[in-house]
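Visitor: I'm passing along query-v1.txt; it holds compact mmCIF, C-alpha atoms and all ligand atoms.
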# COMPACT_ATOMS: atom_id res chain seq x y z
CA MET A 124 0.00 0.00 0.00
CA TRP A 125 2.55 2.53 -1.14
CA MET A 126 0.12 5.43 -1.51
CA ALA A 127 -0.04 5.63 2.28
CA GLN A 128 3.66 6.49 2.43
CA SER A 129 3.03 10.14 1.57
CA LYS A 130 5.60 12.91 1.61
CA GLY A 131 4.10 14.44 4.76
CA ARG A 132 4.51 11.23 6.64
CA ARG A 133 8.10 10.87 5.55
CA VAL A 134 8.88 14.41 6.74
CA LYS A 135 7.20 13.70 10.07
CA ARG A 136 9.24 10.55 10.47
CA ALA A 137 12.46 12.39 9.65
CA ILE A 138 11.69 15.06 12.26
CA LYS A 139 10.94 12.41 14.85
CA HIS A 140 14.22 10.70 13.96
CA ILE A 141 16.20 13.96 14.36
CA LEU A 142 14.55 14.78 17.70
CA LEU A 143 15.28 11.32 19.03
CA CYS A 144 18.94 11.62 18.02
CA LEU A 145 19.10 15.02 19.77
CA VAL A 146 17.59 13.64 22.98
CA PHE A 147 20.12 10.82 23.09
CA GLY A 148 22.84 13.31 22.12
CA LEU A 149 21.88 15.44 25.13
CA VAL A 150 21.98 12.44 27.45
CA ILE A 151 25.47 11.52 26.24
CA ALA A 152 26.60 15.16 26.45
CA TRP A 153 25.50 15.12 30.09
CA ILE A 154 27.06 11.76 31.02
CA VAL A 155 30.45 12.39 29.37
CA PRO A 156 31.60 15.18 31.76
CA SER A 157 31.22 12.93 34.82
CA GLY A 158 33.39 10.32 33.15
CA LEU A 159 35.96 12.92 32.17
CA LEU A 160 36.14 14.11 35.77
CA GLU A 161 36.43 10.59 37.11
CA ILE A 162 39.49 9.42 35.20
CA PRO A 163 42.04 12.04 36.23
CA ARG A 164 40.79 12.16 39.82
CA ARG A 165 41.07 8.41 40.22
CA ILE A 166 44.48 7.87 38.71
CA GLY A 167 45.92 11.20 39.76
CA THR A 168 46.92 12.46 36.36
CA GLY A 169 46.59 15.90 34.90
CA ARG A 170 49.06 18.47 33.81
CA ILE A 171 49.66 21.74 35.55
CA LEU A 172 49.66 24.32 32.82
CA LYS A 173 50.44 27.32 34.90
CA SER A 174 51.36 28.09 38.43
CA GLN A 175 51.21 31.73 39.33
CA MET A 176 50.78 34.13 42.22
CA ILE A 177 48.59 37.16 42.54
CA THR A 178 48.45 39.64 45.38
CA SER A 179 45.04 40.86 46.37
CA PRO A 180 44.31 43.68 48.85
CA ASN A 181 42.48 41.48 51.37
CA THR A 182 44.34 38.26 51.15
CA LYS A 183 47.91 39.16 50.26
CA LEU A 184 49.14 36.19 48.28
CA VAL A 185 47.21 33.68 46.26
CA LYS A 186 48.64 30.72 44.43
CA ILE A 187 46.77 29.72 41.31
CA LEU A 188 47.18 26.41 39.55
CA ASP A 189 45.70 25.74 36.15
CA TYR A 190 45.16 22.10 35.32
CA ARG A 191 44.13 20.61 32.06
CA TRP A 192 43.10 17.08 31.25
CA PHE A 193 41.22 15.75 28.32
CA GLY A 194 37.96 17.69 28.43
CA VAL A 195 38.64 19.14 31.86
CA TYR A 196 39.89 22.58 32.77
CA GLU A 197 40.41 23.33 36.43
CA ARG A 198 41.69 26.36 38.26
CA GLN A 199 42.67 26.06 41.91
CA PHE A 200 43.14 28.94 44.32
CA THR A 201 45.04 28.68 47.58
CA GLN A 202 46.08 31.50 49.83
CA LEU A 203 49.68 31.39 50.99
CA ARG A 204 51.44 33.07 53.87
CA LYS A 205 54.71 33.43 52.05
CA PHE A 206 56.24 32.73 48.69
CA ASN A 207 56.80 29.08 48.15
CA THR A 208 59.39 28.72 45.43
CA ALA A 209 59.19 24.93 45.24
CA ASP A 210 56.84 24.35 42.35
CA GLN A 211 54.35 21.53 42.50
CA ARG A 212 55.61 18.75 40.32
CA THR A 213 53.96 17.98 37.04
CA ARG A 214 52.15 14.70 37.30
CA LEU A 215 51.80 11.94 34.75
CA GLU A 216 50.97 13.10 31.28
CA PHE A 217 48.76 11.09 28.98
CA TRP A 218 47.30 11.74 25.61
CA TRP A 219 44.24 13.35 27.10
CA THR A 220 46.24 16.40 28.00
CA ILE A 221 45.96 17.33 24.34
CA HIS A 222 44.72 20.87 24.05
CA VAL A 223 41.30 20.71 22.42
CA LEU A 224 39.45 23.43 24.25
CA PRO A 225 39.43 27.17 24.39
CA GLU A 226 40.59 28.32 27.81
CA PRO A 227 37.81 29.98 29.84
CA LYS A 228 38.43 33.67 30.20
CA LEU A 229 38.38 34.48 33.89
CA PRO A 230 40.21 37.53 35.19
CA LEU A 231 42.22 36.09 38.06
CA ASP A 232 41.57 38.63 40.80
CA LYS A 233 37.85 38.79 39.99
CA ALA A 234 37.59 35.01 39.94
CA TRP A 235 39.36 34.86 43.29
CA GLU A 236 37.03 37.40 44.94
CA GLU A 237 34.00 35.73 43.43
CA ILE A 238 34.83 32.19 44.46
CA ARG A 239 35.62 33.25 48.03
CA SER A 240 32.33 35.09 48.38
CA ARG A 241 30.39 31.98 47.37
CA TYR A 242 31.39 29.97 50.44
CA ASP A 243 30.72 30.33 54.15
CA GLU A 244 33.76 31.89 55.80
CA ASN A 245 33.23 30.10 59.11
CA ALA A 246 33.23 26.63 57.62
CA PHE A 247 35.85 27.54 55.04
CA PRO A 248 38.35 30.03 56.50
CA VAL A 249 40.33 31.50 53.64
CA GLU A 250 43.74 30.44 54.99
CA LYS A 251 42.63 26.79 55.26
CA THR A 252 40.66 26.45 52.08
CA GLN A 253 41.45 25.37 48.58
CA TYR A 254 38.93 26.65 46.05
CA SER A 255 38.55 25.24 42.59
CA ILE A 256 36.60 26.25 39.53
CA VAL A 257 36.10 23.37 37.13
CA HIS A 258 34.99 23.47 33.50
CA VAL A 259 34.32 20.14 31.91
CA GLY A 260 32.98 18.69 28.67
CA TRP A 261 34.12 17.41 25.32
CA PRO A 262 34.53 18.50 22.54
CA MET A 263 33.40 21.78 24.13
CA LEU A 264 33.35 22.72 27.79
CA SER A 265 29.70 22.23 28.65
CA PHE A 266 29.43 22.31 32.46
CA ARG A 267 30.88 24.48 35.18
CA MET A 268 31.11 23.74 38.87
CA ASP A 269 33.11 25.04 41.78
CA GLY A 270 34.04 23.84 45.21
CA ALA A 271 35.75 24.67 48.47
CA ILE A 272 37.75 22.17 50.48
CA ASN A 273 39.01 22.78 53.98
CA ILE A 274 42.39 21.12 53.56
CA LYS A 275 43.32 21.56 57.24
CA GLY A 276 40.20 19.88 58.57
CA THR A 277 39.49 16.15 58.62
CA LEU A 278 36.14 14.46 58.97
CA ALA A 279 35.47 11.15 60.71
CA ASP A 280 35.61 9.26 57.40
CA GLY A 281 39.04 10.66 56.59
CA THR A 282 37.88 13.12 53.96
CA TYR A 283 38.05 16.89 54.06
CA PRO A 284 35.08 19.18 54.75
CA LYS A 285 33.84 20.41 51.40
CA ASP A 286 31.07 22.32 49.72
CA VAL A 287 30.30 22.15 46.03
CA HIS A 288 28.16 24.30 43.75
CA GLY A 289 26.94 23.08 40.38
CA ALA A 290 27.52 19.36 40.90
CA VAL A 291 26.00 16.45 42.76
CA VAL A 292 28.62 14.75 44.91
CA THR A 293 28.18 11.17 46.08
CA PRO A 294 30.67 9.11 48.10
CA VAL A 295 32.35 6.23 46.29
CA ILE A 296 35.15 3.85 47.18
CA ASP A 297 38.57 5.46 46.98
CA PRO A 298 40.80 3.25 44.79
CA ALA A 299 43.91 4.33 46.69
CA LYS A 300 42.68 2.27 49.64
CA TYR A 301 42.83 -0.90 47.59
CA PHE A 302 45.58 -0.37 45.07
CA LYS A 303 48.99 0.13 46.59
CA GLY A 304 50.93 3.05 45.25
CA MET A 305 47.96 4.55 43.50
CA GLU A 306 47.93 8.26 43.77
CA SER A 307 44.65 9.69 44.89
CA SER A 308 43.34 13.16 45.43
CA PRO A 309 40.99 13.88 48.36
CA LEU A 310 38.32 14.31 45.73
CA ALA A 311 38.63 10.73 44.48
CA THR A 312 36.53 9.57 47.42
CA HIS A 313 33.50 11.05 45.70
CA LEU A 314 31.80 10.92 42.35
CA TRP A 315 31.12 14.34 40.90
CA VAL A 316 28.20 14.79 38.55
CA PRO A 317 28.21 18.35 37.23
CA TYR A 318 24.91 19.93 36.23
CA HIS A 319 25.46 23.69 35.88
CA PRO A 320 25.38 24.09 32.09
CA ILE A 321 27.50 26.27 29.84
CA TRP A 322 24.78 26.62 27.24
CA SER A 323 26.84 27.21 24.11
CA GLY A 324 29.07 24.22 24.89
CA LEU A 325 26.15 22.01 25.82
CA PHE A 326 24.39 22.89 22.56
CA VAL A 327 27.44 22.08 20.43
CA ASN A 328 28.11 18.82 22.30
CA THR A 329 24.48 17.71 22.02
CA VAL A 330 24.52 18.26 18.26
CA PHE A 331 27.94 16.58 18.04
CA TYR A 332 26.77 13.39 19.79
CA ALA A 333 23.41 13.45 17.97
CA LEU A 334 25.31 13.48 14.65
CA ILE A 335 27.39 10.50 15.73
CA ILE A 336 24.23 8.60 16.68
CA ALA A 337 22.54 9.56 13.38
CA MET A 338 25.62 8.41 11.45
CA ALA A 339 25.72 5.09 13.29
CA LEU A 340 22.01 4.55 12.60
CA SER A 341 22.34 5.36 8.90
CA ILE A 342 25.27 2.95 8.55
CA LYS A 343 23.16 0.29 10.24
CA ARG A 344 20.26 1.07 7.88
CA ALA A 345 22.47 0.94 4.78
CA TYR A 346 23.77 -2.43 5.92
CA ARG A 347 20.21 -3.72 6.42
CA HIS A 348 19.15 -2.45 2.96
CA ALA A 349 22.10 -4.18 1.31
CA ARG A 350 21.32 -7.44 3.09
CA ARG A 351 17.68 -7.36 1.95
CA MET A 352 18.66 -6.62 -1.65
CA ARG A 353 21.11 -9.51 -1.70
CA LYS A 354 18.12 -11.75 -0.97
CA GLY A 355 16.15 -10.12 -3.81
CA ASN A 356 13.86 -8.26 -1.41
CA CYS A 357 12.75 -4.65 -1.17
CA PRO A 358 15.37 -2.76 0.90
CA ILE A 359 12.70 -0.79 2.76
CA CYS A 360 10.03 -3.33 3.68
CA SER A 361 11.70 -6.65 2.77
CA TYR A 362 8.86 -7.57 0.36
CA ASN A 363 10.07 -10.23 -2.07
CA LEU A 364 10.77 -8.54 -5.45
CA GLU A 365 12.59 -11.57 -6.90
CA PHE A 366 15.57 -9.35 -7.85
CA VAL A 367 13.43 -7.10 -10.11
CA PHE A 368 14.44 -3.79 -8.56
CA VAL A 369 13.86 -1.47 -11.55
CA ASP A 370 10.05 -1.46 -11.14
CA GLY A 371 10.22 -0.57 -7.49
CA CYS A 372 8.16 -2.07 -4.69
CA PRO A 373 4.36 -2.51 -4.97
CA GLU A 374 4.14 -2.98 -1.22
CA CYS A 375 5.74 0.15 0.25
CA GLY A 376 6.22 2.39 -2.80
CA TRP A 377 10.02 2.28 -2.94
CA ARG A 378 11.18 3.76 -6.31
CA LYS A 379 7.53 4.37 -7.28
CA ASP A 380 7.70 8.18 -7.08
ZN ZN A 401 8.92 -2.33 -0.16
Represent the structure from my file as structure tokens, please.
Ligand SMILES: [Zn+2]
Guide:
Amino acid sequence: MWMAQSKGRRVKRAIKHILLCLVFGLVIAWIVPSGLLEIPRRIGTGRILKSQMITSPNTKLVKILDYRWFGVYERQFTQLRKFNTADQRTRLEFWWTIHVLPEPKLPLDKAWEEIRSRYDENAFPVEKTQYSIVHVGWPMLSFRMDGAINIKGTLADGTYPKDVHGAVVTPVIDPAKYFKGMESSPLATHLWVPYHPIWSGLFVNTVFYALIIAMALSIKRAYRHARRMRKGNCPICSYNLEFVFVDGCPECGWRKD
């Protein structure tokens, strides 16, 4: 009944197909950042791009570390009492340190004042706290979160007091407890699921993953069509055409218009 397969219906089906790909693209774009955060935190990799000091009127000296991993950009702020010339060593470097992302533009002193103001000063005294601003996502940075850790305080479970904005944090098993010699950051005891979107990045990533899904589906469809035609059937509905493809399909209307 090939008349039923009208143009309007085909357009509707195509739109439905595109929307479905976009929905799955969005889901993947949301899951990927958590995975990207997990890997470097668990195995303790990451490259320090820059280590620099700024002096601010209220807090004197602030050490800023810029980290980059594959799909992760992190900036850490720690107030120091005096200059510490010993630089933090560069940790293991893997291929995911490849620079694929534009660096977020954050004026350092403004970012410092802003991140401090976001956290309770009693729970997180500035001289005991390490603040970090994290951008994550691939191929574009698509989520932002920040956190404060009181690195001088210890909780009953051995972790540091912390507060996080823009991410759900759930405790998980720290691999360093089970694998000897494994380097572990205090943050590896938790799984971070960022949710504060960077809209432009999230949009690009959603489209990017949707295109990959659409491509995979079309390859699968082409494969199915070829298999049906090898059997002499219609590639669309599998109706038996006995290898007479030139006339099209009387069942679904393939090659009839
Ligand atoms: Zn057919």
Visitor: May I have a table of the residues of chain A lying at most 7 Å from ligand ZN 401 (chain A), giving each one's closest pair of atoms and their distance in Å to one decimal, counting all atoms listed in the file, ordered by chain and ascending residue number, as a Markdown table?
Guide:
| residue | atom | partner | partner_atom | distance |
| --- | --- | --- | --- | --- |
| A:Cys357 | CA | A:ZN401 | ZN | 4.6 |
| A:Pro358 | CA | A:ZN401 | ZN | 6.6 |
| A:Ile359 | CA | A:ZN401 | ZN | 5.0 |
| A:Cys360 | CA | A:ZN401 | ZN | 4.1 |
| A:Ser361 | CA | A:ZN401 | ZN | 5.9 |
| A:Tyr362 | CA | A:ZN401 | ZN | 5.3 |
| A:Cys372 | CA | A:ZN401 | ZN | 4.6 |
| A:Pro373 | CA | A:ZN401 | ZN | 6.6 |
| A:Glu374 | CA | A:ZN401 | ZN | 4.9 |
| A:Cys375 | CA | A:ZN401 | ZN | 4.1 |
| A:Gly376 | CA | A:ZN401 | ZN | 6.0 |
| A:Trp377 | CA | A:ZN401 | ZN | 5.5 |
Visitor: Kindly indicate which residue among A:Val134, A:Ala345, A:Val185, A:Ile154 lies nearest to Glu236 (chain A), using all atoms listed in the file for the distances.
Guide: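 That would be A:Val185, the residue with the smallest distance to Glu236 (chain A).
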Visitor: Could you state the separation of CA of Arg198 (chain A) and CA of Leu314 (chain A) in Å, given to one decimal place?
Guide: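 Distance reported for this atom pair: 18.8 Å.
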Visitor: Please define a box with edges along x, y and z of the file around all atoms of region 229-243 of chain A given in the file, extend it by 4 Å on each side, and return its centre and edge lengths in Å to one decimal, as JSON.
Guide:
{"center_x": 36.3, "center_y": 34.4, "center_z": 44.0, "size_x": 19.8, "size_y": 16.8, "size_z": 28.3}
Visitor: Between A:Leu142, A:Met263, A:Ala246, A:Ala137, single out the one closest to Phe331 (chain A), counting all atoms listed in the file.
Guide: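 Closest candidate: A:Met263.
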Visitor: Calculate how many Å separate CA of Pro230 (chain A) from CA of Val292 (chain A), rounding to one decimal.
Guide: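 Value for the CA of Pro230 (chain A)-CA of Val292 (chain A) distance: 27.3 Å.
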Visitor: Give the answer as one residue: which of A:Ala290, A:Ile187, A:Ile138, A:Ala337 has the shortest atom-to-atom distance to His319 (chain A), using only C-alpha atoms?
Guide: A:Ala290
Visitor: With only C-alpha atoms as the atoms that count, which of A:Leu264, A:Ala234, A:Ala279, A:Ile342 lies nearest to Leu325 (chain A)?
Guide: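 Of all the options, A:Leu264 lies closest to Leu325 (chain A).
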